[in-house]
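Asks: Dropping a structure here in structure tokens format, bear with me for questions.
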Amino acid sequence: MNKPFYLALLCYLLFISGCSLAPKQSPEQVAAIKPAGFTVLAINDVYRLDNLAKVRTLRQQLEQQGDVLLLHAGDFLFPSFLSREFNGAQMIDVMNQLDGDASAEDARLWVTFGNHEFDKSQMKHRQILQDRISESQFGWVSSNVSFHPQAAIQDPHLTASKIMTINGIQVGIFGLTINSKIPEYVQQITAPITTAQAMTQQLRQQGAQVVIALTHLTMAQDKQLLQQLGEHGPDIIFGGHEHNQQSAQVNGRYVLKADADAISATVAKISLDGAALKVDFQFQSLAETKPDSLVVQRIADWKSKHEQQFCDKNNLSAHCLQAQLGRSQLVLKAEELEIRRFETNLGSWLMDLAVQAYADQGAQIAFMNSGSLRLNRDIPVDEIITRKTLNELFAYPAKLALIKIKGATLQRVINRAIQDWAGNGHWLQISGFAFRHNPETNTADQLSLIEASGIRPISPDETLLAVVNDFLLDPGKGNQDGYDMLSSKMIINPDEDWPDLREKTATALQQAGEKGIQPETLGRICNTQRAGPCLLDTVYCRVY
């Protein structure tokens, strides 16, 4: 017998049959060969319901590939047109649907507080937040917000940190919130870095192999946190507060933020190969994602209920929100990454209306933080502008006050406007003056007054009459978006009945009739990195 021949033949037959002479491995042993991992689906700053139906679909698609952790980095209860009526109950109800079961607890959805969760900030409003958390079928994680003992929010859904096992990995999560708005029922919001270090240490001691920080901070704060803490801080941050997608890598650790209103979502594949952490991420647009039909129906129910209650409360006819106010001959630019970074035709037109509101008192200029204009989409030429459109644009009351302001103070105002220029709500829309913005050098100069006779530089010592929205003057409404150089002491007639820009806008649209408005971008804010009209180009070639 030719033993080598038969042995070779046996090995060949075993090879082509898929068999092996090696001991058979269990599924657990096979899985152990590959790095263990899971997917994080993260969204942030979602004020409107609509795209949550697409988030549900994306979550389902990702769950077909493996374990998914869904995170929301804050700002969803307020502000929105619907939240003025329902105090965020509509958002909680729809988020309860994101696991496909309207009645079950969702152990894989976690959120943290954004500053807008505290919009209802008086002590009497504490119960609103308590109710929203109690209605949730998902977890809230908050590590640096301490409630007053006599007004504590207590609920099984709210915790300082959480450890969960996902595909065999011990995952720890904690939450951080910016201190820009501290309501009366909150005792303090502690420093993010101090809290992050303590929570990371605690979670690692409890066995966490991956530590996630769910934050509602500025990108600068998130990056500083990772820079200072290094290995003593979280492995990865999923953040919010800014409304545009952005990422940063600091010492091998990531900060990831998606676009607001779930226009995009962060999809991050996190895996452990031994002790080594690997992160592969992308920002996934939801533009082409098919919305989940059940969530769509739930959203439609809330919108129908809202319109009925709004019309009844204001003694208006049924379907009053669809009533036509006007139209525009030009596309009105209101999408956030545009109106929070550049002069837009809609913003300029609104500020012109603000100046007109005090024309009889000699108003010369106007400015308003773009964060007060929250439509977050452009209005096409063929779209009828309705009462609903206007109420979605102005999520907050827009009372206008006339103030006296020095030229030097106005310079400080525009310096603040360009700070952290990346789509932030403190960016200004303006009327009556102009300046040049250089994003590369982070400067705002050539501050000039636009008059009927022409354009001239503004002297630091001269006094101007400016129209501003009351939010920028009242720290009690928040942090004034950082415009602490402004105050209510600057108001000329504090006791008068202040006009409302929303009402002024409605009147102007109706007066324009079927012809409609046709506002243009005139070049009041000249961006050195963007082609377009610039009023200053015809001014600073002159000699003064």
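We label chains A, B, ... in the order they appear in the structure tokens, count residues from 1 in each chain, and number ligands from 1 in the order shown.
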How would you write, as an NGL selection string, the set of residues in region 222-460 of chain A that DSSP gives as strand (DSSP E or B)?
Replies: :A and (236-239 or 246-250 or 253-257 or 264-273 or 276-285 or 324-326 or 328 or 332 or 365-369 or 379 or 385-386 or 399-406 or 428-431 or 433-438 or 443-451 or 454-457)
Asks: Let me make sure I understand: among A:Asn167, A:Ser134, A:Gln246, A:Ser271, which one has the smallest atom-to-atom distance to Pro35 (chain A) if we use only C-alpha atoms?
Replies: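 Closest candidate: A:Ser271.
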Asks: Go through A:Met95, A:Ala363, A:Leu332, A:Ile178 one by one, measure the shortest atom-to-atom distance of each to Asp382 (chain A) using only C-alpha atoms, and give the residue with the smallest value.
Replies: A:Leu332
Asks: Excluding region 233-238 of chain A and any residue of its chain fewer than 3 positions from it, enumerate the residues within 6 Å of it, using only C-alpha atoms, and give them as a PyMOL selection string.
Replies: chain A and resi 197+200+211-214+229-230+253-256
Asks: Considering only C-alpha atoms, can you say which of A:Gly482, A:Gly423, A:Arg387, A:Thr344 comes closest to Pro533 (chain A)?
Replies: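 Ranking A:Gly482, A:Gly423, A:Arg387, A:Thr344 by distance to Pro533 (chain A), first place goes to A:Thr344.
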Asks: Taking the backbone alone, and naming residues the way the document does, which bits of region 102-283 of chain A are helix (DSSP H, G or I) by DSSP, as an NGL selection string?
Replies: :A and (115-118 or 123-135 or 149-151 or 192-205 or 219-232 or 260-262)
Asks: Any chance you can output those residues with N, CA and C atoms as a compact mmCIF listing (two decimals), in the first residue's frame?
Replies:
# COMPACT_ATOMS: atom_id res chain seq x y z
N ASN A 115 -28.97 72.99 26.55
CA ASN A 115 -29.38 74.23 27.23
C ASN A 115 -30.86 74.54 26.99
N HIS A 116 -31.40 74.10 25.83
CA HIS A 116 -32.81 74.40 25.55
C HIS A 116 -33.78 73.50 26.32
N GLU A 117 -33.29 72.43 26.92
CA GLU A 117 -34.16 71.67 27.83
C GLU A 117 -34.55 72.54 29.03
N PHE A 118 -33.78 73.60 29.26
CA PHE A 118 -34.03 74.49 30.39
C PHE A 118 -34.68 75.81 29.98
N MET A 123 -38.93 78.36 38.64
CA MET A 123 -39.18 77.27 39.58
C MET A 123 -40.52 76.58 39.30
N LYS A 124 -41.52 77.36 38.90
CA LYS A 124 -42.84 76.78 38.61
C LYS A 124 -42.82 75.86 37.40
N HIS A 125 -41.77 75.93 36.59
CA HIS A 125 -41.68 75.10 35.39
C HIS A 125 -41.00 73.76 35.65
N ARG A 126 -40.50 73.58 36.85
CA ARG A 126 -39.78 72.34 37.17
C ARG A 126 -40.60 71.10 36.84
N GLN A 127 -41.91 71.15 37.08
CA GLN A 127 -42.76 69.99 36.86
C GLN A 127 -42.84 69.62 35.38
N ILE A 128 -42.68 70.59 34.50
CA ILE A 128 -42.69 70.29 33.07
C ILE A 128 -41.56 69.34 32.72
N LEU A 129 -40.35 69.65 33.20
CA LEU A 129 -39.20 68.78 32.93
C LEU A 129 -39.38 67.43 33.60
N GLN A 130 -39.88 67.44 34.83
CA GLN A 130 -40.14 66.18 35.53
C GLN A 130 -41.09 65.30 34.72
N ASP A 131 -42.16 65.89 34.21
CA ASP A 131 -43.14 65.12 33.44
C ASP A 131 -42.54 64.55 32.16
N ARG A 132 -41.72 65.36 31.46
CA ARG A 132 -41.13 64.88 30.20
C ARG A 132 -40.21 63.69 30.46
N ILE A 133 -39.43 63.75 31.53
CA ILE A 133 -38.52 62.64 31.84
C ILE A 133 -39.32 61.40 32.25
N SER A 134 -40.37 61.60 33.03
CA SER A 134 -41.20 60.47 33.47
C SER A 134 -41.94 59.82 32.30
N GLU A 135 -42.28 60.60 31.29
CA GLU A 135 -42.96 60.06 30.11
C GLU A 135 -42.02 59.31 29.18
N PRO A 149 -32.15 70.74 46.13
CA PRO A 149 -32.75 69.63 46.89
C PRO A 149 -34.26 69.74 47.00
N GLN A 150 -34.79 70.94 47.15
CA GLN A 150 -36.24 71.09 47.29
C GLN A 150 -36.96 71.03 45.95
N ALA A 151 -36.19 70.95 44.85
CA ALA A 151 -36.81 70.90 43.53
C ALA A 151 -36.16 69.84 42.66
N PRO A 192 -17.19 71.10 33.09
CA PRO A 192 -17.17 69.85 32.31
C PRO A 192 -15.90 69.01 32.52
N ILE A 193 -14.74 69.65 32.56
CA ILE A 193 -13.49 68.89 32.65
C ILE A 193 -13.39 68.16 33.98
N THR A 194 -13.69 68.85 35.05
CA THR A 194 -13.65 68.23 36.38
C THR A 194 -14.60 67.04 36.44
N THR A 195 -15.81 67.24 35.95
CA THR A 195 -16.81 66.17 35.98
C THR A 195 -16.39 65.01 35.09
N ALA A 196 -15.88 65.31 33.90
CA ALA A 196 -15.49 64.25 32.96
C ALA A 196 -14.39 63.37 33.54
N GLN A 197 -13.43 63.97 34.20
CA GLN A 197 -12.35 63.18 34.80
C GLN A 197 -12.89 62.25 35.88
N ALA A 198 -13.76 62.79 36.74
CA ALA A 198 -14.30 61.99 37.83
C ALA A 198 -15.18 60.86 37.30
N MET A 199 -16.02 61.16 36.30
CA MET A 199 -16.92 60.14 35.77
C MET A 199 -16.17 59.07 35.00
N THR A 200 -15.14 59.47 34.25
CA THR A 200 -14.34 58.48 33.52
C THR A 200 -13.66 57.52 34.49
N GLN A 201 -13.08 58.06 35.54
CA GLN A 201 -12.41 57.22 36.54
C GLN A 201 -13.41 56.26 37.18
N GLN A 202 -14.58 56.79 37.54
CA GLN A 202 -15.59 55.96 38.19
C GLN A 202 -16.06 54.83 37.27
N LEU A 203 -16.31 55.14 36.02
CA LEU A 203 -16.80 54.13 35.09
C LEU A 203 -15.73 53.07 34.81
N ARG A 204 -14.47 53.48 34.70
CA ARG A 204 -13.41 52.49 34.47
C ARG A 204 -13.25 51.57 35.69
N GLN A 205 -13.39 52.15 36.87
CA GLN A 205 -13.31 51.33 38.08
C GLN A 205 -14.45 50.32 38.14
N MET A 219 -17.71 73.07 20.58
CA MET A 219 -16.61 72.25 20.08
C MET A 219 -15.31 72.61 20.79
N ALA A 220 -15.10 73.89 21.07
CA ALA A 220 -13.90 74.32 21.78
C ALA A 220 -13.82 73.66 23.16
N GLN A 221 -14.94 73.57 23.86
CA GLN A 221 -14.96 72.93 25.17
C GLN A 221 -14.70 71.44 25.06
N ASP A 222 -15.29 70.79 24.08
CA ASP A 222 -15.08 69.36 23.88
C ASP A 222 -13.61 69.06 23.60
N LYS A 223 -13.01 69.84 22.72
CA LYS A 223 -11.60 69.62 22.37
C LYS A 223 -10.69 69.89 23.56
N GLN A 224 -11.01 70.94 24.32
CA GLN A 224 -10.21 71.25 25.50
C GLN A 224 -10.28 70.11 26.51
N LEU A 225 -11.46 69.52 26.64
CA LEU A 225 -11.64 68.41 27.57
C LEU A 225 -10.71 67.25 27.21
N LEU A 226 -10.69 66.88 25.93
CA LEU A 226 -9.83 65.77 25.50
C LEU A 226 -8.36 66.15 25.60
N GLN A 227 -8.03 67.40 25.31
CA GLN A 227 -6.65 67.85 25.35
C GLN A 227 -6.10 67.77 26.77
N GLN A 228 -6.88 68.24 27.74
CA GLN A 228 -6.39 68.29 29.11
C GLN A 228 -6.42 66.94 29.81
N LEU A 229 -7.42 66.13 29.51
CA LEU A 229 -7.57 64.87 30.24
C LEU A 229 -6.81 63.71 29.61
N GLY A 230 -6.67 63.70 28.29
CA GLY A 230 -5.97 62.60 27.66
C GLY A 230 -6.57 61.25 28.04
N GLU A 231 -5.73 60.31 28.49
CA GLU A 231 -6.19 58.97 28.84
C GLU A 231 -7.07 58.96 30.10
N HIS A 232 -7.10 60.08 30.81
CA HIS A 232 -7.95 60.16 31.99
C HIS A 232 -9.36 60.67 31.65
N ALA A 260 -27.92 69.65 12.74
CA ALA A 260 -29.15 69.79 13.52
C ALA A 260 -30.34 69.22 12.76
N ASP A 261 -31.41 68.95 13.52
CA ASP A 261 -32.69 68.47 12.99
C ASP A 261 -32.56 67.15 12.25
N ALA A 262 -31.51 66.37 12.60
CA ALA A 262 -31.30 65.05 11.98
C ALA A 262 -31.24 65.14 10.46
Asks: What's the 8 Å shell around Leu217 (chain A), counting only C-alpha atoms, without same-chain residues fewer than 5 positions away, as a ChimeraX atom specification?
Replies: /A:176-178,222,239-241
Asks: Just write the chosen residues, N, CA and C atoms, as a compact mmCIF listing (two decimals), in the first residue's frame.
Replies:
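This is the output file result-v5.txt:
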# COMPACT_ATOMS: atom_id res chain seq x y z
N LEU A 176 -22.77 65.61 29.80
CA LEU A 176 -22.33 66.94 30.21
C LEU A 176 -23.16 68.00 29.49
N THR A 177 -23.49 69.07 30.19
CA THR A 177 -24.31 70.15 29.64
C THR A 177 -23.62 71.48 29.83
N ILE A 178 -23.73 72.35 28.84
CA ILE A 178 -23.15 73.69 28.89
C ILE A 178 -23.90 74.51 29.95
N ASP A 222 -15.29 70.79 24.08
CA ASP A 222 -15.08 69.36 23.88
C ASP A 222 -13.61 69.06 23.60
N GLY A 239 -21.30 64.79 20.50
CA GLY A 239 -21.70 66.08 21.01
C GLY A 239 -22.80 66.77 20.24
N GLY A 240 -23.22 67.89 20.81
CA GLY A 240 -24.23 68.75 20.20
C GLY A 240 -23.91 70.20 20.46
N HIS A 241 -24.90 71.04 20.40
CA HIS A 241 -24.88 72.48 20.63
C HIS A 241 -24.65 73.23 19.32
Asks: Just want the 12 Å neighbourhood of Glu514 (chain A), counted on only C-alpha atoms, with same-chain residues fewer than 5 positions away dropped. Output as a PyMOL selection string.
Replies: chain A and resi 324-329+382+384-385+509
Asks: Next, the residues of the selection above should be written as a PDB file, in the first residue's frame with C-alpha atoms.
Replies:
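So the final result, stored in selection18.pdb, reads:
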ATOM      1  CA  GLN A 324     -51.571  82.643   3.071  1.00  0.00           C
ATOM      2  CA  LEU A 325     -49.646  85.689   4.302  1.00  0.00           C
ATOM      3  CA  GLY A 326     -47.592  86.370   1.195  1.00  0.00           C
ATOM      4  CA  ARG A 327     -44.912  85.174  -1.167  1.00  0.00           C
ATOM      5  CA  SER A 328     -41.453  86.104  -2.433  1.00  0.00           C
ATOM      6  CA  GLN A 329     -40.138  86.675  -5.934  1.00  0.00           C
ATOM      7  CA  ASP A 382     -43.133  79.052  -5.671  1.00  0.00           C
ATOM      8  CA  ILE A 384     -46.762  80.326  -0.300  1.00  0.00           C
ATOM      9  CA  ILE A 385     -45.638  81.863   2.985  1.00  0.00           C
ATOM     10  CA  LEU A 509     -46.008  90.208   3.614  1.00  0.00           C
TER      11      LEU A 509
END
Asks: With a distance cut-off of 10 Å and only C-alpha atoms, select the neighbouring residues of region 433-436 of chain A, excluding the residue or stretch itself and same-chain residues fewer than 4 positions from it, and output the selection as a ChimeraX atom specification.
Replies: /A:364-367,411,414,443-451,455-458,522-528,534-537
Asks: Near Glu105 (chain A), counting only C-alpha atoms, which residues have an atom at most 10 Å away, once you skip same-chain residues fewer than 2 positions from it, shown as a JSON list (two decimals) with all heavy atoms, in the first residue's frame?
Replies:
[["chain", "number", "residue", "atom", "x", "y", "z"],
["A", 96, "ASN", "N", -40.19, 57.96, 21.75],
["A", 96, "ASN", "CA", -40.58, 56.66, 22.31],
["A", 96, "ASN", "C", -40.88, 55.63, 21.23],
["A", 96, "ASN", "O", -40.92, 54.43, 21.50],
["A", 96, "ASN", "CB", -41.81, 56.81, 23.21],
["A", 96, "ASN", "CG", -41.48, 57.42, 24.57],
["A", 96, "ASN", "OD1", -40.33, 57.45, 24.99],
["A", 96, "ASN", "ND2", -42.49, 57.93, 25.25],
["A", 99, "ASP", "N", -37.82, 52.73, 18.79],
["A", 99, "ASP", "CA", -37.46, 51.32, 18.88],
["A", 99, "ASP", "C", -38.52, 50.43, 18.23],
["A", 99, "ASP", "O", -38.41, 49.20, 18.27],
["A", 99, "ASP", "CB", -37.24, 50.89, 20.33],
["A", 99, "ASP", "CG", -38.49, 51.05, 21.19],
["A", 99, "ASP", "OD1", -39.46, 51.68, 20.72],
["A", 99, "ASP", "OD2", -38.49, 50.56, 22.34],
["A", 101, "ASP", "N", -41.59, 50.10, 19.23],
["A", 101, "ASP", "CA", -42.57, 49.64, 20.21],
["A", 101, "ASP", "C", -42.98, 50.83, 21.07],
["A", 101, "ASP", "O", -42.18, 51.35, 21.86],
["A", 101, "ASP", "CB", -41.99, 48.54, 21.08],
["A", 101, "ASP", "CG", -43.03, 47.84, 21.95],
["A", 101, "ASP", "OD1", -44.03, 48.49, 22.30],
["A", 101, "ASP", "OD2", -42.83, 46.66, 22.28],
["A", 102, "ALA", "N", -44.21, 51.27, 20.93],
["A", 102, "ALA", "CA", -44.67, 52.48, 21.61],
["A", 102, "ALA", "C", -44.82, 52.31, 23.11],
["A", 102, "ALA", "O", -44.97, 53.29, 23.84],
["A", 102, "ALA", "CB", -46.01, 52.93, 21.01],
["A", 103, "SER", "N", -44.78, 51.07, 23.59],
["A", 103, "SER", "CA", -45.03, 50.84, 25.01],
["A", 103, "SER", "C", -43.84, 50.27, 25.76],
["A", 103, "SER", "O", -43.85, 50.24, 26.99],
["A", 103, "SER", "CB", -46.23, 49.89, 25.18],
["A", 103, "SER", "OG", -45.97, 48.64, 24.56],
["A", 107, "ALA", "N", -33.83, 50.33, 25.98],
["A", 107, "ALA", "CA", -32.59, 50.29, 26.75],
["A", 107, "ALA", "C", -31.39, 50.80, 25.97],
["A", 107, "ALA", "O", -30.33, 51.02, 26.55],
["A", 107, "ALA", "CB", -32.32, 48.86, 27.23],
["A", 108, "ARG", "N", -31.54, 50.99, 24.67],
["A", 108, "ARG", "CA", -30.41, 51.40, 23.83],
["A", 108, "ARG", "C", -30.56, 52.82, 23.28],
["A", 108, "ARG", "O", -29.93, 53.17, 22.29],
["A", 108, "ARG", "CB", -30.23, 50.40, 22.68],
["A", 108, "ARG", "CG", -29.78, 49.00, 23.14],
["A", 108, "ARG", "CD", -28.34, 49.02, 23.66],
["A", 108, "ARG", "NE", -27.94, 47.75, 24.23],
["A", 108, "ARG", "CZ", -27.51, 46.71, 23.52],
["A", 108, "ARG", "NH1", -27.46, 46.79, 22.21],
["A", 108, "ARG", "NH2", -27.14, 45.60, 24.12],
["A", 109, "LEU", "N", -31.41, 53.64, 23.92],
["A", 109, "LEU", "CA", -31.51, 55.05, 23.57],
["A", 109, "LEU", "C", -31.22, 55.88, 24.82],
["A", 109, "LEU", "O", -31.89, 55.73, 25.85],
["A", 109, "LEU", "CB", -32.91, 55.38, 23.04],
["A", 109, "LEU", "CG", -33.25, 56.88, 22.88],
["A", 109, "LEU", "CD1", -32.23, 57.61, 22.02],
["A", 109, "LEU", "CD2", -34.66, 57.05, 22.31],
["A", 136, "SER", "N", -40.73, 59.48, 29.37],
["A", 136, "SER", "CA", -39.74, 58.87, 28.48],
["A", 136, "SER", "C", -39.67, 57.37, 28.69],
["A", 136, "SER", "O", -39.76, 56.87, 29.82],
["A", 136, "SER", "CB", -38.35, 59.47, 28.74],
["A", 136, "SER", "OG", -38.36, 60.87, 28.58],
["A", 137, "GLN", "N", -39.48, 56.65, 27.59],
["A", 137, "GLN", "CA", -39.21, 55.22, 27.64],
["A", 137, "GLN", "C", -37.77, 54.96, 27.24],
["A", 137, "GLN", "O", -37.44, 53.93, 26.64],
["A", 137, "GLN", "CB", -40.19, 54.48, 26.72],
["A", 137, "GLN", "CG", -41.63, 54.58, 27.20],
["A", 137, "GLN", "CD", -42.63, 54.13, 26.15],
["A", 137, "GLN", "OE1", -42.25, 53.63, 25.09],
["A", 137, "GLN", "NE2", -43.91, 54.32, 26.42],
["A", 138, "PHE", "N", -36.91, 55.91, 27.59],
["A", 138, "PHE", "CA", -35.48, 55.82, 27.30],
["A", 138, "PHE", "C", -34.74, 56.53, 28.42],
["A", 138, "PHE", "O", -35.36, 57.15, 29.29],
["A", 138, "PHE", "CB", -35.15, 56.46, 25.94],
["A", 138, "PHE", "CG", -35.74, 57.84, 25.74],
["A", 138, "PHE", "CD1", -35.10, 58.98, 26.23],
["A", 138, "PHE", "CD2", -36.96, 58.00, 25.09],
["A", 138, "PHE", "CE1", -35.65, 60.24, 26.06],
["A", 138, "PHE", "CE2", -37.52, 59.25, 24.91],
["A", 138, "PHE", "CZ", -36.86, 60.39, 25.40],
["A", 139, "GLY", "N", -33.42, 56.44, 28.41],
["A", 139, "GLY", "CA", -32.64, 56.96, 29.52],
["A", 139, "GLY", "C", -32.11, 58.36, 29.30],
["A", 139, "GLY", "O", -31.81, 58.76, 28.17],
["A", 157, "HIS", "N", -35.54, 57.02, 34.99],
["A", 157, "HIS", "CA", -34.94, 57.23, 33.67],
["A", 157, "HIS", "C", -33.73, 58.16, 33.72],
["A", 157, "HIS", "O", -32.99, 58.25, 32.74],
["A", 157, "HIS", "CB", -35.98, 57.82, 32.71],
["A", 157, "HIS", "CG", -37.10, 56.91, 32.39],
["A", 157, "HIS", "ND1", -38.38, 57.06, 32.90],
["A", 157, "HIS", "CD2", -37.15, 55.79, 31.63],
["A", 157, "HIS", "CE1", -39.15, 56.10, 32.45],
["A", 157, "HIS", "NE2", -38.44, 55.31, 31.68]]
Asks: Report, in Å to a single decimal, how far apart CA of Gly37 (chain A) and CA of Gln284 (chain A) are.
Replies: 19.3 Å
Asks: Find the residue from A:Gly516, A:Asn345, A:Tyr396, A:Arg84 that sits nearest to Glu383 (chain A); use only C-alpha atoms when measuring.
Replies: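 Nearest candidate to Glu383 (chain A) out of A:Gly516, A:Asn345, A:Tyr396, A:Arg84: A:Gly516.
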